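What follows is a short report on a single structure.
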Amino acid sequence: MKDIMTIIIRLTVSCLMAGAVMGATFIITSDAKKQNKYKNEQKVSYGLLGYDVSKGIPAEVKLHELFRYVVTTGDELSVGYLVPTGHGEHGGFTFISISLDGSFIGQYPVDIDHASVRDESDRDQAILTALGKGKTIRYADQTVIATANDQRTAYLLSGKFPGFKTFIHVMLALEPDFTILGLEIMEHEEDPGLGAEIKEDYFKNQFIGKSFAAVKYLEVDKVPLPDDYRQALDGKISKEEVALVQQNYKDKNIYALTGATISSVSVTNGVKGITKKFAYRIGILDAVIQEQNIAVPF
Amino acid sequence: MANDKSNMQLVANGILNENPIFRLVLSMCPAVGISTTVMNGIMLGLAVLFVQVFSSVTISLFKNKIHPRIRIPSYTLTIATWVTVIDLVMAAYMPGPYSQMGVFIKLIVAFAIITMRLEMFACKESVNASFWDGVGMGLGFMAGMMAIGLVRELLGLGTILGFEVLGGVRPLLFFVLPCAGFFVVGLMMAFFNYIEIRYRKLKQVAS
C-alpha cells in the first residue's frame with residue numbers, strides 16, 4: 001500500500017514537471033511558429049503571382065482574403081463567406097450568407113480586425129457572435145484575391161486532395177478568366193524519387209498557361225516528356241523561348257511522371273476539381289455581391 | 001557497477017563498439033525508413049542526439065527518486081517531454097527541415113535505442129558519464145544514418161546532400177524505396193562484422 005502511494009505521488013510529480021517544461025517551450029516558440037507559417041505562405045503567394053518578396057512588392061498590389069464557411073441552421077445547410085469591406089486596413093469584415101441554390105440570405109457585419117482574422121479560433125468566435133444563436137459554422141477553405149489598382153489580377157486558392165498515400169496540399173494561382181498562373185505543392189507525402197517529383201518544376205509547371213476550357217477536360221498522358229518541353233519547364237532557356245514552347249504545348253494533356261502515374265493523375269484531377277469548383281463559387285458570390293451592392297475592395 | 005571509462009572512450013564506444021544501428025541493432029525502423037538522403041540522416045541524428053543527451057542526464061539526475069516498478073513509464077515520460085520540446089523548437093526556428101522531418105521527429109519517442117540506454121546506463125551511472133554516453137550514442141546513430149543515407153542517395157538519386165554528383169544519372173532508383181533500406185543496412189552490418197573479425201584475428205596473431 002505504501003508502495004502504491006509513493007508510485008502515485010512520484011508519477012504525478014514527474015507528469016507535472018514534464019507538463020511545465022513542455023508548456024514553457026510552447027509559450028516561447030508559438031509566436032515564432034505562427035510568424036514562420038504566415039511568412040512562408042506570403043512568400044509562396046507572391047511567388048505564384050510572379051513577385052519576389054525579397055525585392056519588394058509594388059504598392060498597388062493588394063491581397064484580399066476570403067474565408068468560406070458551411071453554416072448549419074437546424075438541419076438546413078447554407079454557405080457563408082467572410083469578406084473584407086471598405087478599403088485598406090480601415091475596412092471591416094462582413095459575413096455573406098448564401099443558400100445552396102445561390103440566392104442571398106443575409107449579410108452580417110463581423111467585428112474583427114485584419115490581424116486577428118488569420119487566427120482560426122478568433123475568427124470563428126467573431127462570426128458566431130455576428131450570426132446570433134442557433135447556428136453552427138464549419139471552416140471550409142480560404143481564397144485570396146489579388147488586385148492591382150482595384151482591378152482583379154489573380155486568385156490564389158489553397159486546397160487539398162488525396163494523393164498516393166495521404167492528402168496533397170497545394171496552392172493554385174488563377175487569372176481572372178481562370179487560366180492557370182501557377183501551381184505550388186505545399187505539403188505531400190509521396191514516395192521520394194517517384195511521386196515526390198510532383199513538386200519539381202518539370203511537372204508542376206506543365207499546368208501553367210492551361211486555359212479554363214482546357215483544364216475542364218485535362219487528362220494525363222503516359223508518354224515521355226519531350227526534351228524541348230522539359231528544357232522550357234525547367235527554365236533552362238530564355239524567357240521568350242519558354243513562352244514559345246509553352247504556346248505549342250498549351251492545349252496538350254499533362255505528361256505523367258515515370259513510375260508515379262497515380263500521383264500524376266491525382267494532382268491533375270485535384271487541380272481540375274479546385275478550378276472547376278472555384279469558377280462556379282466565385283460566379284455565385286460575385287452575382288450576390290453585385291445584386292446586394294456590397295462594398296468590397298476587390 | 002562503477003564506470004571506469006574516460007569521457008572520450010564513452011563517446012567512441014557509442015560510435016564504434018556499440019554503434020546503435022550496426023552493433024546493437026536497435027532503432028531499425030528509422031534506419032530503414034527515413035535514411036533515403038544524407039540530409040535526413042543528419043537532421044534525425046541531431047534530434048536523436050539532443051533527446052538522448054537530455055533524457056540520459058534527466059534520468060541520471062533523478063535516478064534515486066524513480067521507483068523501480070515504474071522505471072519504464074518514467075523513461076517514456078522523460079523521452080516524450082524532450083521530444084516534444086525539440087519538435088516545438090524545430091517547428092519554430094527551422095521550418096525548412098521541419099517540413100520534411102516533422103512526422104519522424106515525433107516518432108523518436110518510440111525509438112528503442114533511447115529507452116535502452118536509459119535502462120542500461122543512465123539509471124546506474126553518474127550524470128557526467130551519462131552525458132558522454134548520450135553524446136556517443138547520438139553521434140553513433142547519426143553516423144549510421146548518414147552512412148546508410150549516403151549509399152542510398154548516391155545510388156538512388158545520384159546526388160549527395162542534394163548536389164548532383166553523377167551528372168543527372170540515377171543509377172538504381174530502387175535504392176530510395178523502403179525495401180532497399182533492408183539491403184543497405186544488412187550489407188553494412190555484414191561489413192562491420194567482417195572488420196571486427198579481421199581485427200580480432202590480427203590481434204591474435206600479434207599476441
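How things are named: the first chain in the C-alpha cells is A, the next is B, and so on; residues count from 1 in each chain; ligands count from 1 in the order shown.
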**OP:** Residues of chain A near chain B: apply a cut-off of 10 Å, count only C-alpha atoms, and supply the list as number ranges by chain.
**Re:** A: 3-4, 6-8, 10-11, 14-15, 17-37, 40, 186-189, 191-194
Can you spit out the residues from that selection as a compact mmCIF listing (two decimals), in the first residue's frame, using N, CA, C and O atoms?
# COMPACT_ATOMS: atom_id res chain seq x y z
N ASP A 3 3.82 1.39 -1.11
CA ASP A 3 4.42 1.44 -2.45
C ASP A 3 3.54 2.19 -3.43
O ASP A 3 4.01 3.06 -4.17
N ILE A 4 2.26 1.83 -3.40
CA ILE A 4 1.33 2.44 -4.36
C ILE A 4 1.29 3.95 -4.17
O ILE A 4 1.33 4.71 -5.14
N THR A 6 3.61 5.95 -2.92
CA THR A 6 4.82 6.61 -3.43
C THR A 6 4.80 6.64 -4.95
O THR A 6 5.17 7.64 -5.57
N ILE A 7 4.37 5.53 -5.57
CA ILE A 7 4.35 5.49 -7.04
C ILE A 7 3.42 6.59 -7.56
O ILE A 7 3.78 7.36 -8.46
N ILE A 8 2.23 6.68 -6.95
CA ILE A 8 1.27 7.69 -7.42
C ILE A 8 1.85 9.09 -7.28
O ILE A 8 1.83 9.88 -8.22
N ARG A 10 5.00 10.07 -7.01
CA ARG A 10 6.14 10.35 -7.88
C ARG A 10 5.73 10.52 -9.33
O ARG A 10 6.24 11.38 -10.05
N LEU A 11 4.80 9.66 -9.78
CA LEU A 11 4.35 9.79 -11.17
C LEU A 11 3.67 11.13 -11.40
O LEU A 11 3.88 11.80 -12.40
N SER A 14 6.25 13.84 -11.52
CA SER A 14 7.03 13.86 -12.77
C SER A 14 6.17 14.33 -13.94
O SER A 14 6.66 15.03 -14.83
N CYS A 15 4.87 13.96 -13.94
CA CYS A 15 3.98 14.44 -15.01
C CYS A 15 3.87 15.96 -14.95
O CYS A 15 3.91 16.63 -15.99
N MET A 17 6.03 18.06 -13.76
CA MET A 17 7.28 18.67 -14.21
C MET A 17 7.36 18.64 -15.74
O MET A 17 7.73 19.64 -16.38
N ALA A 18 7.02 17.48 -16.29
CA ALA A 18 7.06 17.34 -17.76
C ALA A 18 6.13 18.37 -18.40
O ALA A 18 6.49 19.04 -19.37
N GLY A 19 4.93 18.50 -17.80
CA GLY A 19 3.96 19.47 -18.34
C GLY A 19 4.50 20.88 -18.30
O GLY A 19 4.35 21.65 -19.26
N ALA A 20 5.18 21.20 -17.21
CA ALA A 20 5.72 22.56 -17.07
C ALA A 20 6.77 22.83 -18.15
O ALA A 20 6.76 23.89 -18.79
N VAL A 21 7.66 21.84 -18.37
CA VAL A 21 8.71 22.02 -19.38
C VAL A 21 8.08 22.21 -20.76
O VAL A 21 8.43 23.13 -21.52
N MET A 22 7.12 21.32 -21.10
CA MET A 22 6.50 21.40 -22.43
C MET A 22 5.73 22.70 -22.60
O MET A 22 5.79 23.36 -23.65
N GLY A 23 4.99 23.08 -21.54
CA GLY A 23 4.21 24.30 -21.62
C GLY A 23 5.08 25.52 -21.84
O GLY A 23 4.80 26.37 -22.69
N ALA A 24 6.19 25.56 -21.10
CA ALA A 24 7.10 26.70 -21.23
C ALA A 24 7.65 26.78 -22.66
O ALA A 24 7.67 27.85 -23.28
N THR A 25 8.06 25.63 -23.20
CA THR A 25 8.59 25.62 -24.57
C THR A 25 7.54 26.10 -25.56
O THR A 25 7.83 26.87 -26.48
N PHE A 26 6.31 25.62 -25.35
CA PHE A 26 5.24 26.00 -26.29
C PHE A 26 5.04 27.51 -26.29
O PHE A 26 4.95 28.14 -27.34
N ILE A 27 5.00 28.09 -25.08
CA ILE A 27 4.76 29.54 -24.99
C ILE A 27 5.90 30.30 -25.68
O ILE A 27 5.66 31.27 -26.41
N ILE A 28 7.13 29.83 -25.46
CA ILE A 28 8.27 30.54 -26.04
C ILE A 28 8.24 30.45 -27.57
O ILE A 28 8.55 31.42 -28.26
N THR A 29 7.88 29.27 -28.10
CA THR A 29 8.03 29.07 -29.55
C THR A 29 6.80 29.40 -30.38
O THR A 29 6.91 29.54 -31.60
N SER A 30 5.62 29.52 -29.76
CA SER A 30 4.40 29.57 -30.57
C SER A 30 4.35 30.78 -31.51
O SER A 30 3.91 30.68 -32.65
N ASP A 31 4.83 31.93 -31.00
CA ASP A 31 4.79 33.13 -31.84
C ASP A 31 5.66 32.98 -33.08
O ASP A 31 5.24 33.28 -34.20
N ALA A 32 6.89 32.47 -32.85
CA ALA A 32 7.82 32.29 -33.97
C ALA A 32 7.24 31.34 -35.00
O ALA A 32 7.38 31.53 -36.21
N LYS A 33 6.54 30.31 -34.51
CA LYS A 33 5.97 29.30 -35.41
C LYS A 33 4.91 29.92 -36.31
O LYS A 33 4.91 29.74 -37.52
N LYS A 34 4.00 30.67 -35.69
CA LYS A 34 2.93 31.31 -36.45
C LYS A 34 3.51 32.26 -37.49
O LYS A 34 3.07 32.31 -38.64
N GLN A 35 4.49 33.02 -37.03
CA GLN A 35 5.13 34.00 -37.90
C GLN A 35 5.74 33.33 -39.13
O GLN A 35 5.54 33.77 -40.26
N ASN A 36 6.44 32.21 -38.86
CA ASN A 36 7.07 31.44 -39.95
C ASN A 36 6.06 30.98 -40.97
O ASN A 36 6.27 31.09 -42.17
N LYS A 37 4.96 30.42 -40.46
CA LYS A 37 3.95 29.84 -41.33
C LYS A 37 3.38 30.94 -42.23
O LYS A 37 3.24 30.77 -43.44
N ASN A 40 5.94 32.14 -44.84
CA ASN A 40 6.10 31.16 -45.90
C ASN A 40 4.94 31.24 -46.88
O ASN A 40 5.13 31.27 -48.10
N MET A 186 2.40 22.42 -51.44
CA MET A 186 2.78 22.88 -50.10
C MET A 186 3.20 21.72 -49.20
O MET A 186 4.20 21.80 -48.52
N GLU A 187 2.42 20.68 -49.17
CA GLU A 187 2.70 19.54 -48.30
C GLU A 187 2.33 18.28 -49.03
O GLU A 187 1.30 18.24 -49.71
N HIS A 188 3.14 17.26 -48.91
CA HIS A 188 2.79 15.98 -49.52
C HIS A 188 3.60 14.89 -48.85
O HIS A 188 4.60 15.16 -48.18
N GLU A 189 3.17 13.64 -49.02
CA GLU A 189 3.97 12.52 -48.51
C GLU A 189 4.09 11.45 -49.58
O GLU A 189 3.93 10.27 -49.32
N ASP A 191 6.09 9.13 -52.48
CA ASP A 191 7.37 8.41 -52.38
C ASP A 191 8.51 9.25 -52.92
O ASP A 191 8.42 9.79 -54.02
N PRO A 192 9.62 9.33 -52.18
CA PRO A 192 10.76 10.08 -52.69
C PRO A 192 11.28 9.44 -53.99
O PRO A 192 11.34 8.23 -54.10
N GLY A 193 11.64 10.29 -54.94
CA GLY A 193 12.17 9.79 -56.20
C GLY A 193 11.11 9.41 -57.19
O GLY A 193 11.37 9.34 -58.38
N LEU A 194 9.87 9.17 -56.72
CA LEU A 194 8.79 8.81 -57.65
C LEU A 194 7.70 9.88 -57.58
O LEU A 194 7.74 10.85 -58.30
Subject >> For Glu219 (chain A): contacts at 9 Å, only C-alpha atoms, fewer than 6 positions along chain excluded, given as number ranges by chain >> reply: A: 252-255, 265, 268-269
Find the residues around region 65-78 of chain A up to 6 Å (only C-alpha atoms counted), leave out those fewer than 5 positions away in its own chain, and share them as a compact mmCIF listing (two decimals) with N, CA and C atoms, in the first residue's frame.
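The result, stored in out.txt:
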# COMPACT_ATOMS: atom_id res chain seq x y z
N VAL A 83 -15.93 38.22 -45.99
CA VAL A 83 -15.19 39.05 -46.96
C VAL A 83 -14.85 40.40 -46.34
N SER A 99 -27.71 30.73 -49.84
CA SER A 99 -28.32 29.40 -49.77
C SER A 99 -27.70 28.50 -50.84
N LEU A 100 -28.00 27.21 -50.74
CA LEU A 100 -27.34 26.24 -51.64
C LEU A 100 -27.71 26.48 -53.10
N LYS A 135 -26.89 28.68 -34.66
CA LYS A 135 -26.18 28.37 -35.90
C LYS A 135 -24.81 27.80 -35.60
N THR A 136 -24.39 26.83 -36.39
CA THR A 136 -23.03 26.34 -36.25
C THR A 136 -22.30 26.56 -37.57
N ILE A 137 -21.01 26.83 -37.49
CA ILE A 137 -20.25 27.07 -38.72
C ILE A 137 -19.07 26.11 -38.78
N ARG A 138 -18.71 25.75 -40.01
CA ARG A 138 -17.51 24.93 -40.20
C ARG A 138 -16.65 25.57 -41.28
N TYR A 139 -15.39 25.80 -40.95
CA TYR A 139 -14.47 26.44 -41.89
C TYR A 139 -14.20 25.50 -43.06
N ALA A 140 -14.31 26.00 -44.29
CA ALA A 140 -14.08 25.16 -45.47
C ALA A 140 -12.74 25.49 -46.12
N ASP A 141 -12.59 26.65 -46.67
CA ASP A 141 -11.30 27.00 -47.25
C ASP A 141 -11.12 28.50 -47.38
N GLN A 142 -9.99 28.86 -47.90
CA GLN A 142 -9.60 30.26 -47.95
C GLN A 142 -9.18 30.59 -49.38
N THR A 143 -9.60 31.75 -49.84
CA THR A 143 -9.21 32.19 -51.17
C THR A 143 -8.60 33.58 -51.02
N VAL A 144 -7.59 33.85 -51.80
CA VAL A 144 -7.02 35.19 -51.78
C VAL A 144 -7.26 35.81 -53.15
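Between CA of Glu200 (chain A) and CA of Gly181 (chain B) the interatomic distance comes to 24.3 Å.
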Subject >> Test item, strand (DSSP E) assignment across region 1-165 of chain B, answer as a PyMOL selection string >> reply: chain B and resi 159-160+163-164
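Residue nearest Phe93 (chain A) within the list A:Lys216, A:Ile145, A:Val296, A:Gln151: A:Val296 [criterion: smallest interatomic distance, only C-alpha atoms].
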Subject >> Residues flagged helix (DSSP H, G or I) by DSSP in region 88-165 of chain B, as a ChimeraX atom specification >> reply: /B:88-93,95-110,112-122,127-157
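Comparing B:Val11, B:Cys179, B:Pro171, B:Asp4 by their smallest distance to Gly33 (chain B), the closest is B:Cys179 (using only C-alpha atoms).
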Original post:
Could you state the separation of CA of Val109 (chain B) and CA of Met28 (chain B) in Å, given to one decimal place?
Top reply: 14.0 Å
**OP:** With a distance cut-off of 12 Å and only C-alpha atoms, select the neighbouring residues of Leu24 (chain B), excluding the residue or stretch itself and same-chain residues fewer than 3 positions from it, and output the selection as number ranges by chain.
**Re:** B: 13-21, 27-28, 112-114, 116-117, 137, 140-141, 144, 189, 192-193
**OP:** Tell me which protein, DNA and RNA residues are within 12 Å of region 284-289 of chain A, counting only C-alpha atoms, leaving out same-chain ones fewer than 5 positions away, and put them as a PyMOL selection string.
**Re:** chain A and resi 66+68+79-85+94-107+277-279+294-298
